[in-house]
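Let me begin by presenting the structure, written as structure tokens, before commenting on it.
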Amino acid sequence: MKNTIGLIFLFAVINASYSISLRELAFMKSLYAREDMPKLVLTAMVNRRIDEIRTLYERKPILEDAKIFCNSTEQSLQLLLDSMDSNNTRTGDLSESYSHIVRLINDVKSIMGIHNVDYLTMDSRYSFSRDNLQAMMDAYIGDIEMARKCEVSLGRPNRVDMKIVERIKSLSNEMRNYYFPKDDGFFAEVSSISRKTMDQCLWRFEFLLNKFTATFINLKM
């Protein structure tokens with residue numbers, strides 16, 4: 001059964017797309033598919049989001065209404081943190097509330113003209129630009145690092161296969177350093193050799209990410 005689940009994760013065919021689900025939550029739920037997601041992981045996500053909203057507050061220029069929104073949002077996130085210690089609060093309820101807050105954040109970021117990568121995820125029906133693919137890869141790497149730190153705190157450092165992580169990081173750097181020539185039109189871009197190179201990078205990334213996920217699940221201690 002363990003090997004079967006591992007193969008399902010390893011050979012799932014996926015691609016880059018926008019999703020209605022928040023990437024970080026969907027990814028963490030896949031890592032903790034056989035168990036409840038630790039509140040420590042959700043706490044790390046909330047703290048990371050607080051850092052983001054504080055950075056947004058310091059953005060120049062920024063409207064006064066946006067500053068008020070940032071202050072209100074930080075208070076909402078702090079309420080979530082305060083609820084983590086309650087035994088009467090389920091992780092699922094906290095995750096749903098967190099997802100709602102993040103959607104509001106991204107609505108405001110969209111109004112401010114700030115590009116959003118929180119809903120970039122994997123889906124076989126779509127293919128995205130080099131910038132979006134790079135942003136998605138970097139976002140997943142950030143999620144992996146967050147999970148690694150949480151597992152270390154939980155006394156399970158071996159659960160994260162660092163060899164796979166290093167290969168994922170190396171692939172991200174390889175793509176960042178690769179020069180993709182600009183094409184004159186959409187159809188020319190799709191058929192170009194550089195586009196096929198990007199598709200190869202995507203395939204390697206999805207393979208490594210699925211392998212990481214399968215290993216993480218099977219190494220539960």
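Note on naming: chains are A, B, ... as they come in the structure tokens, residues start from 1 per chain, ligands start from 1 in the order shown.
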
| request: Can you check which residues of chain A DSSP gives as strand (DSSP E) on the backbone and send them as JSON, numbers by chain? | output: {"A": [16, 17, 18, 120, 121, 122]}

| said: Residues near A:Ser72, anyone? I mean within 12 Å using only C-alpha atoms, not counting same-chain ones fewer than 5 positions away, as a list in words. | reply: Ile50, Ile53, Arg54, Tyr57, Asp65, Ala66, Lys67, Leu77, Gln78, Leu79, Ile101, Leu104 and Ile105 of chain A

Give me a file of those residues, with N, CA and C atoms, as a PDB file, in the first residue's frame.
ATOM      1  N   ILE A  50       2.130  37.331   8.126  1.00  0.00           N
ATOM      2  CA  ILE A  50       2.257  38.582   8.886  1.00  0.00           C
ATOM      3  C   ILE A  50       3.465  39.376   8.393  1.00  0.00           C
ATOM      4  N   ILE A  53       2.487  41.033   5.145  1.00  0.00           N
ATOM      5  CA  ILE A  53       1.584  42.178   5.270  1.00  0.00           C
ATOM      6  C   ILE A  53       2.321  43.387   5.847  1.00  0.00           C
ATOM      7  N   ARG A  54       3.318  43.137   6.697  1.00  0.00           N
ATOM      8  CA  ARG A  54       4.131  44.240   7.215  1.00  0.00           C
ATOM      9  C   ARG A  54       4.992  44.849   6.110  1.00  0.00           C
ATOM     10  N   TYR A  57       2.800  46.994   4.031  1.00  0.00           N
ATOM     11  CA  TYR A  57       2.513  48.263   4.712  1.00  0.00           C
ATOM     12  C   TYR A  57       3.625  49.281   4.450  1.00  0.00           C
ATOM     13  N   ASP A  65      -5.819  53.969   2.739  1.00  0.00           N
ATOM     14  CA  ASP A  65      -6.775  52.868   2.883  1.00  0.00           C
ATOM     15  C   ASP A  65      -6.058  51.520   2.899  1.00  0.00           C
ATOM     16  N   ALA A  66      -5.002  51.413   2.112  1.00  0.00           N
ATOM     17  CA  ALA A  66      -4.237  50.170   2.078  1.00  0.00           C
ATOM     18  C   ALA A  66      -3.515  49.949   3.404  1.00  0.00           C
ATOM     19  N   LYS A  67      -3.030  51.022   4.018  1.00  0.00           N
ATOM     20  CA  LYS A  67      -2.388  50.899   5.324  1.00  0.00           C
ATOM     21  C   LYS A  67      -3.388  50.429   6.379  1.00  0.00           C
ATOM     22  N   LEU A  77      -4.834  38.063  11.504  1.00  0.00           N
ATOM     23  CA  LEU A  77      -3.851  36.982  11.546  1.00  0.00           C
ATOM     24  C   LEU A  77      -3.401  36.706  12.976  1.00  0.00           C
ATOM     25  N   GLN A  78      -3.293  37.756  13.764  1.00  0.00           N
ATOM     26  CA  GLN A  78      -2.905  37.581  15.165  1.00  0.00           C
ATOM     27  C   GLN A  78      -3.982  36.820  15.936  1.00  0.00           C
ATOM     28  N   LEU A  79      -5.245  37.077  15.599  1.00  0.00           N
ATOM     29  CA  LEU A  79      -6.340  36.328  16.226  1.00  0.00           C
ATOM     30  C   LEU A  79      -6.215  34.836  15.920  1.00  0.00           C
ATOM     31  N   ILE A 101      -8.678  34.930   4.742  1.00  0.00           N
ATOM     32  CA  ILE A 101      -7.877  36.143   4.955  1.00  0.00           C
ATOM     33  C   ILE A 101      -6.911  36.360   3.792  1.00  0.00           C
ATOM     34  N   LEU A 104      -8.528  37.787   0.699  1.00  0.00           N
ATOM     35  CA  LEU A 104      -8.734  39.232   0.817  1.00  0.00           C
ATOM     36  C   LEU A 104      -7.429  39.987   0.573  1.00  0.00           C
ATOM     37  N   ILE A 105      -6.331  39.445   1.100  1.00  0.00           N
ATOM     38  CA  ILE A 105      -5.021  40.070   0.874  1.00  0.00           C
ATOM     39  C   ILE A 105      -4.722  40.143  -0.620  1.00  0.00           C
TER      40      ILE A 105
END

| request: Give the helix (DSSP H, G or I) residues of chain A, as assigned by DSSP on the backbone, as a PyMOL selection string. | output: chain A and resi 2-11+23-31+39-57+64-83+91-111+130-153+157-159+162-177+186-191+193-218

| task | Identify, on the basis of only C-alpha atoms, every residue whose closest approach to A:His115 does not exceed 9 Å; exclude the query and any residue fewer than 4 positions from it along the same chain; express the result as JSON, numbers by chain. | result | {"A": [106, 109, 110]}

| field | Residue neighbourhood A:Met45, 8 Å, only C-alpha atoms, exclusion window fewer than 4 positions, as a ChimeraX atom specification | value | /A:41,49,146

Could the residues in this selection be written to a file with N, CA and C atoms, as a PDB file, in the first residue's frame?
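Result written to result.pdb:
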ATOM      1  N   VAL A  41       2.763  23.931  11.722  1.00  0.00           N
ATOM      2  CA  VAL A  41       2.881  24.269  10.301  1.00  0.00           C
ATOM      3  C   VAL A  41       1.978  25.449   9.965  1.00  0.00           C
ATOM      4  N   ARG A  49       2.836  35.083   6.675  1.00  0.00           N
ATOM      5  CA  ARG A  49       1.891  36.028   6.079  1.00  0.00           C
ATOM      6  C   ARG A  49       1.916  37.369   6.822  1.00  0.00           C
ATOM      7  N   MET A 146       9.784  25.845   4.826  1.00  0.00           N
ATOM      8  CA  MET A 146       8.933  26.035   5.994  1.00  0.00           C
ATOM      9  C   MET A 146       8.597  24.689   6.636  1.00  0.00           C
TER      10      MET A 146
END

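Atom CA of A:Glu24 is positioned 19.6 Å from atom CA of A:Glu166.
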
| request: Can you work out which one of A:Phe69, A:Phe27, A:Phe205, A:Tyr178 has the shortest atom-to-atom distance to A:Asp118, counting only C-alpha atoms? | output: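 Looking at the shortest contact to A:Asp118, the residue is A:Phe27.
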
| With only C-alpha atoms as the atoms that count, which of A:Arg90, A:His100, A:Arg59, A:Lys29 lies nearest to A:Met112? | A:Arg59

| query | Taking only C-alpha atoms into account, which of A:Leu22, A:Val46, A:Leu219, A:Ile62 comes nearest A:Gly113? | reply |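 For A:Gly113, the nearest of the given residues is A:Ile62.
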
| field | Residues within 9 Å of A:Ala147, only C-alpha atoms, excluding chain neighbours under 2 positions, as a list of chain:residue names | value |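 Those residues are A:Met28, A:Leu31, A:Val41, A:Ala44, A:Gly142, A:Asp143, A:Ile144, A:Glu145, A:Lys149, A:Cys150, A:Glu151, A:Val152, A:Val160.
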
Write the residues of the preceding selection, restricted to C-alpha atoms, as a short mmCIF file (atom, residue, chain, number, x, y, z; two decimals), in the first residue's frame.
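Just written: result10.cif:
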data_model
loop_
_atom_site.label_atom_id
_atom_site.label_comp_id
_atom_site.auth_asym_id
_atom_site.auth_seq_id
_atom_site.Cartn_x
_atom_site.Cartn_y
_atom_site.Cartn_z
CA MET A 28 0.87 21.07 3.10
CA LEU A 31 2.46 16.34 2.67
CA VAL A 41 2.88 24.27 10.30
CA ALA A 44 4.47 29.11 10.44
CA GLY A 142 9.73 28.36 0.25
CA ASP A 143 6.95 25.98 1.34
CA ILE A 144 9.41 23.08 1.52
CA GLU A 145 11.79 25.12 3.67
CA LYS A 149 11.92 23.90 9.83
CA CYS A 150 8.69 22.63 11.38
CA GLU A 151 9.81 19.01 11.13
CA VAL A 152 13.12 19.89 12.78
CA VAL A 160 12.80 15.95 4.60
#

| message | List the spatial neighbours of A:Arg167 as a list of chain:residue names - criterion: any atom at most 12 Å away, only C-alpha atoms, same-chain residues fewer than 6 positions off excluded. | response | A:Ile141, A:Asp161, A:Asn173, A:Glu174, A:Cys201, A:Arg204, A:Phe205, A:Glu206, A:Phe207, A:Leu208, A:Leu209, A:Lys211, A:Phe212

| message | To one decimal place in Å, what is the distance between atom CA of A:Arg48 and atom CA of A:Asp107? | response | 18.1 Å
